[in-house]
>>> print(open('input21.csv').read())   # CSV, C-alpha atoms and all ligand atoms
chain,number,residue,atom,x,y,z
A,1455,MET,CA,-15.8,-0.3,-47.9
A,1456,PRO,CA,-12.4,0.0,-49.5
A,1457,ASN,CA,-12.4,-1.5,-53.0
A,1458,PHE,CA,-8.9,-2.7,-53.0
A,1459,SER,CA,-9.5,-5.6,-50.6
A,1460,ILE,CA,-12.3,-6.9,-52.8
A,1461,ARG,CA,-10.1,-6.5,-55.9
A,1462,ARG,CA,-7.5,-8.6,-54.1
A,1463,HIS,CA,-10.1,-11.2,-53.3
A,1464,LEU,CA,-11.2,-11.2,-57.0
A,1465,ASP,CA,-7.5,-11.7,-58.0
A,1466,VAL,CA,-7.3,-14.7,-55.7
A,1467,VAL,CA,-10.4,-16.2,-57.1
A,1468,ARG,CA,-9.1,-15.7,-60.7
A,1469,ALA,CA,-5.7,-17.2,-59.8
A,1470,ARG,CA,-7.3,-20.2,-58.2
A,1471,SER,CA,-9.5,-20.9,-61.2
A,1472,ALA,CA,-6.5,-20.6,-63.5
A,1473,THR,CA,-4.2,-22.9,-61.6
A,1474,VAL,CA,-6.6,-25.6,-60.3
A,1475,PRO,CA,-7.3,-28.2,-62.9
A,1476,GLY,CA,-11.1,-27.7,-63.1
A,1477,GLY,CA,-13.9,-30.1,-62.8
A,1478,ARG,CA,-17.2,-28.7,-63.7
A,1479,ALA,CA,-18.4,-28.4,-60.2
A,1480,ARG,CA,-15.4,-26.4,-59.2
A,1481,ALA,CA,-15.7,-24.1,-62.2
A,1482,GLY,CA,-19.3,-23.6,-61.3
A,1483,ARG,CA,-18.4,-22.7,-57.8
A,1484,THR,CA,-15.7,-20.3,-59.0
A,1485,ALA,CA,-18.2,-18.6,-61.4
A,1486,ALA,CA,-20.6,-18.2,-58.5
A,1487,ALA,CA,-17.8,-16.8,-56.3
A,1488,VAL,CA,-16.9,-14.3,-59.1
A,1489,ALA,CA,-20.6,-13.3,-59.4
A,1490,VAL,CA,-20.8,-12.7,-55.7
A,1491,VAL,CA,-17.6,-10.6,-55.8
A,1492,ALA,CA,-18.9,-8.6,-58.8
A,1493,ALA,CA,-22.1,-7.9,-56.9
A,1494,LEU,CA,-20.1,-6.8,-53.9
A,1495,LEU,CA,-18.1,-4.5,-56.1
A,1496,ALA,CA,-21.3,-3.0,-57.6
A,1497,ALA,CA,-22.6,-2.4,-54.1
A,1498,CYS,CA,-19.4,-0.6,-53.1
A,1499,ALA,CA,-19.2,1.5,-56.3
A,1500,PRO,CA,-19.6,5.2,-55.5
A,1501,GLN,CA,-23.2,6.3,-55.6
A,1502,PRO,CA,-23.9,9.0,-58.2
A,1503,ALA,CA,-24.0,12.5,-56.6
A,1504,PRO,CA,-27.5,13.2,-55.4
A,1505,ARG,CA,-27.6,16.5,-57.3
A,1506,ASP,CA,-27.0,14.6,-60.5
A,1507,VAL,CA,-29.9,12.3,-59.7
A,1508,ALA,CA,-32.2,15.1,-58.5
A,1509,GLY,CA,-31.8,17.3,-61.6
A,1510,ASP,CA,-34.2,20.2,-61.4
A,1511,ARG,CA,-36.1,18.7,-58.5
A,1512,LEU,CA,-35.7,19.9,-54.9
A,1513,LEU,CA,-33.0,17.8,-53.2
A,1514,VAL,CA,-34.3,16.8,-49.8
A,1515,LEU,CA,-32.1,15.0,-47.3
A,1516,THR,CA,-33.6,13.3,-44.2
A,1517,THR,CA,-32.1,11.7,-41.2
A,1518,PHE,CA,-34.0,8.4,-41.4
A,1519,THR,CA,-36.2,6.3,-43.7
A,1520,VAL,CA,-39.5,7.1,-42.0
A,1521,ILE,CA,-39.4,10.9,-42.7
A,1522,ALA,CA,-37.8,10.3,-46.1
A,1523,ASP,CA,-41.0,8.5,-47.0
A,1524,ILE,CA,-43.1,11.3,-45.6
A,1525,ALA,CA,-41.1,13.8,-47.7
A,1526,ARG,CA,-41.6,11.7,-50.8
A,1527,GLU,CA,-45.4,11.6,-50.2
A,1528,VAL,CA,-45.6,15.3,-49.6
A,1529,GLY,CA,-43.1,16.3,-52.3
A,1530,GLY,CA,-44.3,14.0,-55.0
A,1531,GLU,CA,-42.8,14.7,-58.5
A,1532,HIS,CA,-41.1,17.9,-57.4
A,1533,VAL,CA,-38.6,16.4,-55.0
A,1534,TYR,CA,-35.7,13.9,-54.9
A,1535,VAL,CA,-35.3,12.5,-51.3
A,1536,GLU,CA,-32.4,10.6,-49.7
A,1537,SER,CA,-32.1,9.4,-46.2
A,1538,VAL,CA,-28.7,9.6,-44.3
A,1539,THR,CA,-29.4,6.4,-42.4
A,1540,LYS,CA,-30.3,3.5,-44.6
A,1541,VAL,CA,-33.0,0.8,-44.0
A,1542,GLY,CA,-32.3,-1.2,-40.8
A,1543,ALA,CA,-29.6,1.2,-39.5
A,1544,GLU,CA,-29.4,2.2,-35.9
A,1545,ILE,CA,-30.6,5.8,-36.0
A,1546,HIS,CA,-30.1,7.0,-32.4
A,1547,GLY,CA,-26.4,6.6,-32.2
A,1548,TYR,CA,-25.5,6.8,-35.9
A,1549,GLU,CA,-22.0,8.0,-36.9
A,1550,PRO,CA,-22.2,10.0,-40.1
A,1551,THR,CA,-19.5,9.3,-42.7
A,1552,PRO,CA,-17.5,11.8,-44.7
A,1553,ASP,CA,-19.5,10.7,-47.7
A,1554,ASP,CA,-22.8,11.5,-45.8
A,1555,LEU,CA,-21.4,15.0,-45.3
A,1556,ARG,CA,-20.5,15.5,-48.9
A,1557,ARG,CA,-23.9,14.4,-50.0
A,1558,ALA,CA,-25.6,16.6,-47.4
A,1559,ALA,CA,-23.7,19.7,-48.7
A,1560,ASP,CA,-25.6,19.4,-52.0
A,1561,ALA,CA,-29.0,19.3,-50.4
A,1562,ASP,CA,-31.6,22.1,-50.7
A,1563,ILE,CA,-33.1,21.3,-47.3
A,1564,ILE,CA,-32.5,18.8,-44.5
A,1565,LEU,CA,-35.3,17.3,-42.4
A,1566,GLU,CA,-34.7,15.8,-38.9
A,1567,ASN,CA,-37.1,14.3,-36.3
A,1568,GLY,CA,-35.7,16.1,-33.3
A,1569,LEU,CA,-36.8,15.3,-29.7
A,1570,GLY,CA,-33.3,14.0,-29.2
A,1571,LEU,CA,-33.6,11.2,-31.7
A,1572,GLU,CA,-30.6,12.1,-33.8
A,1573,ALA,CA,-27.8,12.5,-31.2
A,1574,TRP,CA,-25.5,13.2,-34.1
A,1575,PHE,CA,-27.4,15.8,-35.9
A,1576,GLU,CA,-26.1,19.1,-34.5
A,1577,ARG,CA,-22.5,18.1,-35.2
A,1578,PHE,CA,-23.5,16.8,-38.6
A,1579,VAL,CA,-25.0,20.1,-39.9
A,1580,ALA,CA,-22.7,22.5,-38.0
A,1581,GLY,CA,-20.4,23.0,-41.0
A,1582,LEU,CA,-23.1,22.9,-43.7
A,1583,ASP,CA,-24.8,25.9,-45.3
A,1584,VAL,CA,-28.2,24.1,-45.8
A,1585,PRO,CA,-31.5,25.0,-44.1
A,1586,THR,CA,-32.7,22.4,-41.6
A,1587,VAL,CA,-36.2,21.8,-40.4
A,1588,THR,CA,-37.2,19.8,-37.2
A,1589,LEU,CA,-40.5,17.9,-37.9
A,1590,SER,CA,-41.3,17.5,-34.3
A,1591,ASP,CA,-41.4,21.3,-33.7
A,1592,GLY,CA,-44.8,22.0,-32.1
A,1593,VAL,CA,-45.4,18.4,-31.0
A,1594,GLU,CA,-46.2,18.0,-27.3
A,1595,PRO,CA,-43.3,15.8,-26.1
A,1596,LEU,CA,-43.9,12.8,-23.8
A,1597,PRO,CA,-41.1,12.1,-21.4
A,1598,ILE,CA,-39.1,8.9,-21.1
A,1599,VAL,CA,-40.3,7.3,-17.9
A,1600,GLU,CA,-40.2,3.9,-16.2
A,1601,SER,CA,-43.0,1.5,-17.0
A,1602,ALA,CA,-45.8,1.1,-14.5
A,1603,GLY,CA,-44.6,-0.8,-11.4
A,1604,THR,CA,-40.9,-0.2,-11.9
A,1605,GLU,CA,-40.7,3.4,-10.9
A,1606,GLY,CA,-37.9,2.7,-8.5
A,1607,GLU,CA,-35.6,1.3,-11.2
A,1608,SER,CA,-32.9,3.9,-11.9
A,1609,LEU,CA,-32.9,5.6,-15.3
A,1610,PRO,CA,-29.6,7.0,-16.4
A,1611,ASP,CA,-29.4,10.8,-15.6
A,1612,ASP,CA,-29.3,11.8,-19.3
A,1613,VAL,CA,-32.4,9.7,-20.1
A,1614,ALA,CA,-34.7,10.4,-17.1
A,1615,GLY,CA,-37.4,12.9,-18.1
A,1616,SER,CA,-35.9,13.6,-21.5
A,1617,PRO,CA,-38.4,13.5,-24.4
A,1618,ASN,CA,-39.4,10.2,-25.9
A,1619,PRO,CA,-38.3,10.8,-29.6
A,1620,HIS,CA,-40.7,8.2,-31.2
A,1621,ALA,CA,-43.5,10.7,-31.9
A,1622,TRP,CA,-44.1,9.4,-35.5
A,1623,MET,CA,-45.6,6.2,-34.0
A,1624,SER,CA,-48.7,8.3,-33.5
A,1625,PRO,CA,-50.7,8.7,-36.7
A,1626,GLU,CA,-51.9,12.1,-35.4
A,1627,VAL,CA,-48.3,13.3,-35.0
A,1628,GLY,CA,-47.5,11.7,-38.4
A,1629,ALA,CA,-50.2,14.0,-39.9
A,1630,GLN,CA,-48.6,16.9,-38.2
A,1631,TYR,CA,-45.2,15.9,-39.6
A,1632,ALA,CA,-46.7,15.8,-43.1
A,1633,ARG,CA,-48.1,19.4,-42.7
A,1634,THR,CA,-44.7,20.6,-41.3
A,1635,THR,CA,-43.0,19.0,-44.2
A,1636,ALA,CA,-45.3,20.7,-46.7
A,1637,GLU,CA,-44.4,24.1,-45.1
A,1638,ALA,CA,-40.7,23.3,-45.2
A,1639,LEU,CA,-40.8,22.3,-48.9
A,1640,ALA,CA,-43.0,25.3,-49.7
A,1641,GLY,CA,-40.5,27.6,-48.1
A,1642,ALA,CA,-37.7,26.1,-50.2
A,1643,ASP,CA,-39.7,25.9,-53.4
A,1644,PRO,CA,-42.6,28.4,-53.3
A,1645,ASP,CA,-43.7,27.7,-56.9
A,1646,ASN,CA,-45.0,24.3,-55.9
A,1647,ALA,CA,-46.4,25.3,-52.5
A,1648,ALA,CA,-50.0,24.5,-53.4
A,1649,ASP,CA,-49.0,20.9,-54.5
A,1650,TYR,CA,-47.1,20.3,-51.3
A,1651,ARG,CA,-50.0,21.4,-49.1
A,1652,ALA,CA,-52.6,19.4,-51.1
A,1653,ASN,CA,-50.4,16.3,-50.9
A,1654,ALA,CA,-49.9,16.8,-47.2
A,1655,GLU,CA,-53.7,17.1,-46.6
A,1656,ARG,CA,-54.5,13.9,-48.6
A,1657,TYR,CA,-51.7,12.0,-46.9
A,1658,ALA,CA,-52.6,13.3,-43.4
A,1659,ASP,CA,-56.2,11.9,-43.9
A,1660,GLU,CA,-54.8,8.5,-44.8
A,1661,LEU,CA,-52.6,8.4,-41.7
A,1662,LEU,CA,-55.4,9.5,-39.4
A,1663,ALA,CA,-57.6,6.7,-40.8
A,1664,ILE,CA,-55.1,4.2,-39.6
A,1665,GLY,CA,-55.3,5.6,-36.1
A,1666,ASP,CA,-59.1,5.5,-36.2
A,1667,THR,CA,-59.0,1.8,-37.2
A,1668,LEU,CA,-57.1,1.0,-34.0
A,1669,SER,CA,-59.3,3.1,-31.7
A,1670,GLU,CA,-62.5,1.6,-33.2
A,1671,ALA,CA,-61.2,-2.0,-32.9
A,1672,LEU,CA,-60.2,-1.5,-29.2
A,1673,GLU,CA,-63.8,-0.7,-28.3
A,1674,GLN,CA,-64.4,-4.5,-28.6
A,1675,ILE,CA,-62.2,-5.3,-25.6
A,1676,PRO,CA,-62.7,-4.5,-21.9
A,1677,GLN,CA,-61.1,-1.2,-20.7
A,1678,GLU,CA,-59.1,-3.2,-18.2
A,1679,ALA,CA,-57.3,-5.2,-20.9
A,1680,ARG,CA,-56.5,-2.2,-23.1
A,1681,VAL,CA,-52.8,-2.4,-22.4
A,1682,LEU,CA,-49.9,-2.3,-25.0
A,1683,VAL,CA,-47.1,-4.5,-23.8
A,1684,THR,CA,-43.9,-4.1,-25.7
A,1685,CYS,CA,-40.1,-4.7,-25.2
A,1686,GLU,CA,-39.1,-1.0,-25.4
A,1687,GLY,CA,-41.1,2.1,-24.5
A,1688,ALA,CA,-41.3,3.3,-28.1
A,1689,PHE,CA,-45.1,3.4,-28.3
A,1690,SER,CA,-46.0,6.2,-25.9
A,1691,TYR,CA,-47.5,8.5,-28.5
A,1692,LEU,CA,-49.5,5.7,-30.2
A,1693,ALA,CA,-50.7,4.4,-26.9
A,1694,ARG,CA,-51.8,7.9,-25.8
A,1695,ASP,CA,-53.8,8.3,-29.1
A,1696,ALA,CA,-55.5,4.9,-28.8
A,1697,GLY,CA,-56.3,5.1,-25.0
A,1698,LEU,CA,-54.0,2.2,-24.3
A,1699,ASP,CA,-52.0,1.9,-21.1
A,1700,GLU,CA,-48.3,1.1,-21.7
A,1701,VAL,CA,-46.2,-1.6,-20.2
A,1702,TYR,CA,-42.7,-2.3,-21.4
A,1703,LEU,CA,-39.6,-4.3,-20.3
A,1704,TRP,CA,-37.3,-1.3,-20.5
A,1705,PRO,CA,-37.6,2.4,-21.3
A,1706,VAL,CA,-36.1,3.7,-24.6
A,1707,ASN,CA,-32.5,4.7,-24.7
A,1708,VAL,CA,-31.7,2.3,-21.9
A,1709,ASP,CA,-29.5,-0.6,-22.9
A,1710,GLY,CA,-32.1,-3.3,-23.7
A,1711,GLN,CA,-32.2,-4.8,-20.2
A,1712,ALA,CA,-35.2,-6.6,-18.8
A,1713,SER,CA,-34.1,-6.6,-15.1
A,1714,PRO,CA,-35.8,-9.1,-12.9
A,1715,ARG,CA,-37.8,-6.4,-11.3
A,1716,ARG,CA,-39.0,-5.1,-14.7
A,1717,MET,CA,-39.8,-8.6,-15.8
A,1718,GLU,CA,-41.8,-9.2,-12.6
A,1719,ALA,CA,-43.7,-6.0,-13.0
A,1720,ALA,CA,-44.6,-6.8,-16.6
A,1721,ILE,CA,-45.7,-10.3,-15.8
A,1722,SER,CA,-47.9,-9.1,-12.9
A,1723,ALA,CA,-49.5,-6.4,-15.0
A,1724,VAL,CA,-50.3,-8.8,-17.8
A,1725,ARG,CA,-51.7,-11.4,-15.4
A,1726,ASP,CA,-53.7,-9.0,-13.3
A,1727,ARG,CA,-55.3,-7.2,-16.2
A,1728,GLU,CA,-55.7,-10.3,-18.3
A,1729,VAL,CA,-54.0,-8.8,-21.3
A,1730,PRO,CA,-54.4,-11.3,-24.1
A,1731,ALA,CA,-51.3,-10.5,-26.1
A,1732,VAL,CA,-47.8,-9.0,-25.8
A,1733,PHE,CA,-45.4,-7.7,-28.5
A,1734,CYS,CA,-41.8,-6.9,-29.2
A,1735,GLU,CA,-40.0,-4.5,-31.6
A,1736,SER,CA,-38.3,-6.0,-34.7
A,1737,THR,CA,-34.9,-4.6,-33.6
A,1738,VAL,CA,-34.6,-6.4,-30.3
A,1739,SER,CA,-34.7,-10.0,-29.1
A,1740,ALA,CA,-38.2,-11.2,-28.2
A,1741,ASP,CA,-37.0,-13.9,-25.7
A,1742,ALA,CA,-37.8,-11.9,-22.6
A,1743,GLN,CA,-41.2,-11.0,-23.9
A,1744,GLU,CA,-42.0,-14.6,-24.8
A,1745,GLN,CA,-41.1,-15.5,-21.2
A,1746,VAL,CA,-43.6,-12.8,-20.0
A,1747,ALA,CA,-46.3,-14.3,-22.2
A,1748,ARG,CA,-45.6,-17.8,-20.9
A,1749,GLU,CA,-45.5,-16.9,-17.2
A,1750,ALA,CA,-48.5,-14.6,-17.4
A,1751,GLY,CA,-50.7,-16.9,-19.4
A,1752,SER,CA,-50.8,-14.5,-22.3
A,1753,THR,CA,-49.7,-14.9,-26.0
A,1754,PHE,CA,-46.7,-13.5,-27.8
A,1755,ALA,CA,-48.5,-12.0,-30.8
A,1756,GLY,CA,-45.9,-10.6,-33.0
A,1757,VAL,CA,-43.2,-8.1,-34.0
A,1758,LEU,CA,-43.8,-4.3,-34.3
A,1759,TYR,CA,-41.7,-1.9,-36.4
A,1760,VAL,CA,-40.6,1.5,-35.2
A,1761,ASP,CA,-37.3,3.1,-36.2
A,1762,SER,CA,-36.8,2.0,-39.8
A,1763,LEU,CA,-38.8,1.0,-42.9
A,1764,SER,CA,-37.9,-2.2,-44.7
A,1765,GLU,CA,-36.5,-2.7,-48.2
A,1766,PRO,CA,-39.2,-2.4,-50.9
A,1767,ASP,CA,-39.9,-6.2,-50.9
A,1768,GLY,CA,-40.0,-6.3,-47.0
A,1769,PRO,CA,-43.0,-6.1,-44.7
A,1770,VAL,CA,-43.0,-2.3,-44.1
A,1771,PRO,CA,-41.6,-0.5,-47.2
A,1772,THR,CA,-43.5,2.8,-46.4
A,1773,TYR,CA,-44.4,4.7,-43.3
A,1774,LYS,CA,-48.1,4.0,-44.0
A,1775,ASP,CA,-47.2,0.3,-44.2
A,1776,LEU,CA,-45.3,0.5,-40.9
A,1777,LEU,CA,-48.3,2.0,-39.1
A,1778,THR,CA,-50.8,-0.3,-40.7
A,1779,HIS,CA,-48.7,-3.4,-39.9
A,1780,ASP,CA,-48.3,-2.4,-36.2
A,1781,VAL,CA,-52.0,-1.5,-35.9
A,1782,ASP,CA,-53.1,-4.8,-37.6
A,1783,VAL,CA,-50.8,-6.9,-35.3
A,1784,ILE,CA,-51.9,-5.0,-32.2
A,1785,ILE,CA,-55.6,-5.4,-33.1
A,1786,ALA,CA,-55.2,-9.1,-34.0
A,1787,GLY,CA,-53.4,-9.8,-30.7
A,1788,LEU,CA,-55.7,-7.8,-28.4
A,1789,THR,CA,-59.1,-8.7,-30.0
A,1790,GLY,CA,-58.2,-12.2,-31.0
A,1791,THR,CA,-59.3,-11.6,-34.6
A,1792,PRO,CA,-57.2,-13.0,-37.5
A,1793,LEU,CA,-54.7,-10.7,-39.3
A,1794,PRO,CA,-55.9,-9.3,-42.6
A,1795,ASP,CA,-54.3,-11.3,-45.5
A,1796,ALA,CA,-52.8,-13.7,-43.0
A,1797,GLN,CA,-50.0,-11.1,-42.6
A,1798,GLU,CA,-46.6,-12.3,-41.4
A,1799,VAL,CA,-46.2,-11.3,-37.8
A,1800,GLY,CA,-42.6,-12.3,-37.5
A,1801,ARG,CA,-43.1,-15.4,-35.4
B,1,ZN,ZN,-35.8,4.2,-31.5
>>> encode(input="input21.csv", output="structure tokens")
Amino acid sequence: MPNFSIRRHLDVVRARSATVPGGRARAGRTAAAVAVVAALLAACAPQPAPRDVAGDRLLVLTTFTVIADIAREVGGEHVYVESVTKVGAEIHGYEPTPDDLRRAADADIILENGLGLEAWFERFVAGLDVPTVTLSDGVEPLPIVESAGTEGESLPDDVAGSPNPHAWMSPEVGAQYARTTAEALAGADPDNAADYRANAERYADELLAIGDTLSEALEQIPQEARVLVTCEGAFSYLARDAGLDEVYLWPVNVDGQASPRRMEAAISAVRDREVPAVFCESTVSADAQEQVAREAGSTFAGVLYVDSLSEPDGPVPTYKDLLTHDVDVIIAGLTGTPLPDAQEVGR
């Protein structure tokens, strides 16, 4: 954000407070406005160079917040990690800035998800002399396909059959990402290889336990009702792990459109299989899914997180929190048990 426009605004605020004969309320409002502008200026101030912050630590850059958190867990005290895309940003079609490039040039290693998630990545690193590692290497990709019952809907040519990139939604794949991250960090910093591998093993166990919680809880409900109904098809890897069939209103990387045919197919599936709860991702409107719930006699049971962590004081500040939140919301919805700690489900 260019600073000059804010400065100009600040001048205007100052000029007003100087010329307007001030009642107390007005002075208070002006002070508040100046405080807001000051906060904006602070937010726009140039960030310190990551190398200066990292010091002697390995400087790790990641493409999005989920794998930044994995790198922090695995790297521990030996690394300083930054994510190119910030909390809440759209990661598929992100446009890197010149500042992103300058910061990336300082990095010791850059970690990406791969599987076509970061459409911008190849161009981004083309001019950089920094090693890159793709965390999904070795992961069995699942293709982007139409949801059951809408096979005839046309997928765009560049989407049909291409890999679904959301592999980290599987705790098993997350464990694999942790181990791949450990090897990447060990390669860049062999002195601390043992720490990276030990951290990754501990962390992988914690992630796998989250997946086990889901699988065990699902044993309570009839096989027929084991269906994960979401807005977008971003849960294929989690559903596969947990033995859930998947129904969604539109496939990933298709402009969020619940066509009448896709709506009808979802409603029939939910009604026929007596699926007790349906869900939607935090990044898209839940209106269509709430309609599915109403028309199929089901319940809209909450919001799931996928592509980004939240700020530290939000609902999913870490990757483990993200998986735990989603698993808890899915279990509560499908088994009819209350959420632990009366967790906020977003509705
Ligand atoms: Zn996504």
>>> atom_distance(input="input21.csv", atom1="atom CA of Ala1642 of chain A", atom2="atom CA of Leu1571 of chain A")
24.1 Å
>>> residues_near_ligand(input="input21.csv", ligand="ligand ZN 1 (chain B)", cutoff="10 Å", atoms="all atoms listed in the file", output="PyMOL selection string")
chain A and resi 1544-1547+1571-1572+1618-1620+1686-1689+1706-1707+1735+1737+1759-1762
>>> residues_around(input="input21.csv", residues="segment 1651-1664 of chain A", least_positions_apart="4", cutoff="7 Å", atoms="all atoms listed in the file", output="mmCIF file with C-alpha atoms, in the coordinates of the input")
data_model
loop_
_atom_site.group_PDB
_atom_site.id
_atom_site.type_symbol
_atom_site.label_atom_id
_atom_site.label_comp_id
_atom_site.auth_asym_id
_atom_site.auth_seq_id
_atom_site.Cartn_x
_atom_site.Cartn_y
_atom_site.Cartn_z
ATOM 1 C CA GLU A 1527 -45.400 11.600 -50.200
ATOM 2 C CA VAL A 1528 -45.600 15.300 -49.600
ATOM 3 C CA PRO A 1625 -50.700 8.700 -36.700
ATOM 4 C CA GLU A 1626 -51.900 12.100 -35.400
ATOM 5 C CA GLY A 1628 -47.500 11.700 -38.400
ATOM 6 C CA ALA A 1629 -50.200 14.000 -39.900
ATOM 7 C CA ALA A 1632 -46.700 15.800 -43.100
ATOM 8 C CA ARG A 1633 -48.100 19.400 -42.700
ATOM 9 C CA ALA A 1636 -45.300 20.700 -46.700
ATOM 10 C CA ALA A 1647 -46.400 25.300 -52.500
ATOM 11 C CA LEU A 1668 -57.100 1.000 -34.000
ATOM 12 C CA LYS A 1774 -48.100 4.000 -44.000
ATOM 13 C CA THR A 1778 -50.800 -0.300 -40.700
#
>>> closest_residue(input="input21.csv", among="A:Ala1602, A:Ala1638, A:Leu1672, A:Ala1747", to="Arg1715 of chain A", atoms="all atoms listed in the file")
A:Ala1602
>>> atom_distance(input="input21.csv", atom1="atom CA of Leu1788 of chain A", atom2="atom CA of Thr1772 of chain A")
24.2 Å
>>> residues_around(input="input21.csv", residues="Val1587 of chain A", least_positions_apart="4", cutoff="9 Å", atoms="all atoms listed in the file", output="PyMOL selection string")
chain A and resi 1563-1567+1591+1634-1635+1638
>>> closest_residue(input="input21.csv", among="A:Pro1504, A:Gly1509, A:Gly1530, A:Gly1570", to="Asp1554 of chain A", atoms="only C-alpha atoms")
A:Pro1504
>>> atom_distance(input="input21.csv", atom1="atom CA of Phe1578 of chain A", atom2="atom CA of Ala1561 of chain A")
13.3 Å
>>> closest_residue(input="input21.csv", among="A:Glu1765, A:Ala1719, A:Leu1758, A:Asp1780", to="Val1746 of chain A", atoms="all atoms listed in the file")
A:Ala1719
>>> closest_residue(input="input21.csv", among="A:Val1770, A:Ala1671, A:Val1599, A:Val1732", to="Ile1785 of chain A", atoms="only C-alpha atoms")
A:Ala1671
>>> residues_around(input="input21.csv", residues="Ser1713 of chain A", least_positions_apart="5", cutoff="9 Å", atoms="all atoms listed in the file", output="PyMOL selection string")
chain A and resi 1607+1703-1704+1718
>>> closest_residue(input="input21.csv", among="A:Glu1728, A:Glu1637, A:Glu1600, A:Asp1775", to="Glu1700 of chain A", atoms="only C-alpha atoms")
A:Glu1600
>>> residues_around(input="input21.csv", residues="Thr1789 of chain A", least_positions_apart="5", cutoff="9 Å", atoms="only C-alpha atoms", output="NGL selection string")
:A and (1671-1672 or 1674-1675 or 1730-1731 or 1784)
>>> closest_residue(input="input21.csv", among="A:Ser1722, A:Glu1605, A:Val1729, A:His1532", to="Glu1678 of chain A", atoms="all atoms listed in the file")
A:Val1729
>>> residues_near_point(input="input21.csv", point="(-34.0, 6.6, -44.4)", cutoff="9 Å", atoms="only C-alpha atoms", output="PyMOL selection string")
chain A and resi 1516-1523+1536-1543+1762-1763
>>> residues_around(input="input21.csv", residues="Asp1510 of chain A", least_positions_apart="2", cutoff="12 Å", atoms="only C-alpha atoms", output="list in words")
Pro1504, Arg1505, Asp1506, Val1507, Ala1508, Leu1512, Leu1513, Glu1531, His1532, Val1533, Tyr1534, Asp1562 and Asp1643 of chain A
>>> decode(input="input21.csv", residues="segment 1607-1654 of chain A", atoms="C-alpha atoms", output="mmCIF file, in the first residue's frame")
data_model
loop_
_atom_site.group_PDB
_atom_site.id
_atom_site.type_symbol
_atom_site.label_atom_id
_atom_site.label_comp_id
_atom_site.auth_asym_id
_atom_site.auth_seq_id
_atom_site.Cartn_x
_atom_site.Cartn_y
_atom_site.Cartn_z
ATOM 1 C CA GLU A 1607 -21.697 -31.983 -15.634
ATOM 2 C CA SER A 1608 -18.864 -30.634 -17.727
ATOM 3 C CA LEU A 1609 -15.611 -29.929 -15.936
ATOM 4 C CA PRO A 1610 -13.316 -27.370 -17.572
ATOM 5 C CA ASP A 1611 -10.659 -29.152 -19.671
ATOM 6 C CA ASP A 1612 -7.796 -27.911 -17.511
ATOM 7 C CA VAL A 1613 -9.500 -29.245 -14.365
ATOM 8 C CA ALA A 1614 -10.879 -32.643 -15.416
ATOM 9 C CA GLY A 1615 -8.653 -35.431 -14.128
ATOM 10 C CA SER A 1616 -5.933 -33.113 -12.804
ATOM 11 C CA PRO A 1617 -4.753 -33.888 -9.258
ATOM 12 C CA ASN A 1618 -6.764 -32.596 -6.321
ATOM 13 C CA PRO A 1619 -4.156 -30.471 -4.524
ATOM 14 C CA HIS A 1620 -5.661 -30.581 -0.978
ATOM 15 C CA ALA A 1621 -3.636 -33.602 0.131
ATOM 16 C CA TRP A 1622 -2.792 -32.063 3.553
ATOM 17 C CA MET A 1623 -6.424 -32.564 4.587
ATOM 18 C CA SER A 1624 -5.410 -36.192 5.212
ATOM 19 C CA PRO A 1625 -3.565 -36.546 8.534
ATOM 20 C CA GLU A 1626 -1.701 -39.493 6.982
ATOM 21 C CA VAL A 1627 -0.450 -37.286 4.176
ATOM 22 C CA GLY A 1628 0.286 -34.559 6.753
ATOM 23 C CA ALA A 1629 2.571 -37.035 8.531
ATOM 24 C CA GLN A 1630 4.274 -37.702 5.205
ATOM 25 C CA TYR A 1631 4.680 -33.932 4.640
ATOM 26 C CA ALA A 1632 6.327 -33.667 8.071
ATOM 27 C CA ARG A 1633 8.868 -36.358 7.197
ATOM 28 C CA THR A 1634 9.554 -34.821 3.769
ATOM 29 C CA THR A 1635 10.040 -31.454 5.474
ATOM 30 C CA ALA A 1636 12.528 -33.042 7.901
ATOM 31 C CA GLU A 1637 14.582 -34.421 4.996
ATOM 32 C CA ALA A 1638 14.450 -31.050 3.210
ATOM 33 C CA LEU A 1639 15.667 -29.193 6.317
ATOM 34 C CA ALA A 1640 18.286 -31.865 7.014
ATOM 35 C CA GLY A 1641 19.601 -31.418 3.476
ATOM 36 C CA ALA A 1642 19.928 -27.667 3.950
ATOM 37 C CA ASP A 1643 21.278 -27.901 7.513
ATOM 38 C CA PRO A 1644 22.884 -31.318 8.132
ATOM 39 C CA ASP A 1645 24.156 -30.333 11.613
ATOM 40 C CA ASN A 1646 20.609 -30.422 12.968
ATOM 41 C CA ALA A 1647 19.334 -33.375 10.927
ATOM 42 C CA ALA A 1648 18.721 -35.531 14.006
ATOM 43 C CA ASP A 1649 16.532 -32.853 15.598
ATOM 44 C CA TYR A 1650 14.500 -32.387 12.428
ATOM 45 C CA ARG A 1651 13.838 -36.115 12.113
ATOM 46 C CA ALA A 1652 12.931 -36.518 15.794
ATOM 47 C CA ASN A 1653 10.561 -33.529 15.648
ATOM 48 C CA ALA A 1654 8.927 -34.907 12.510
#
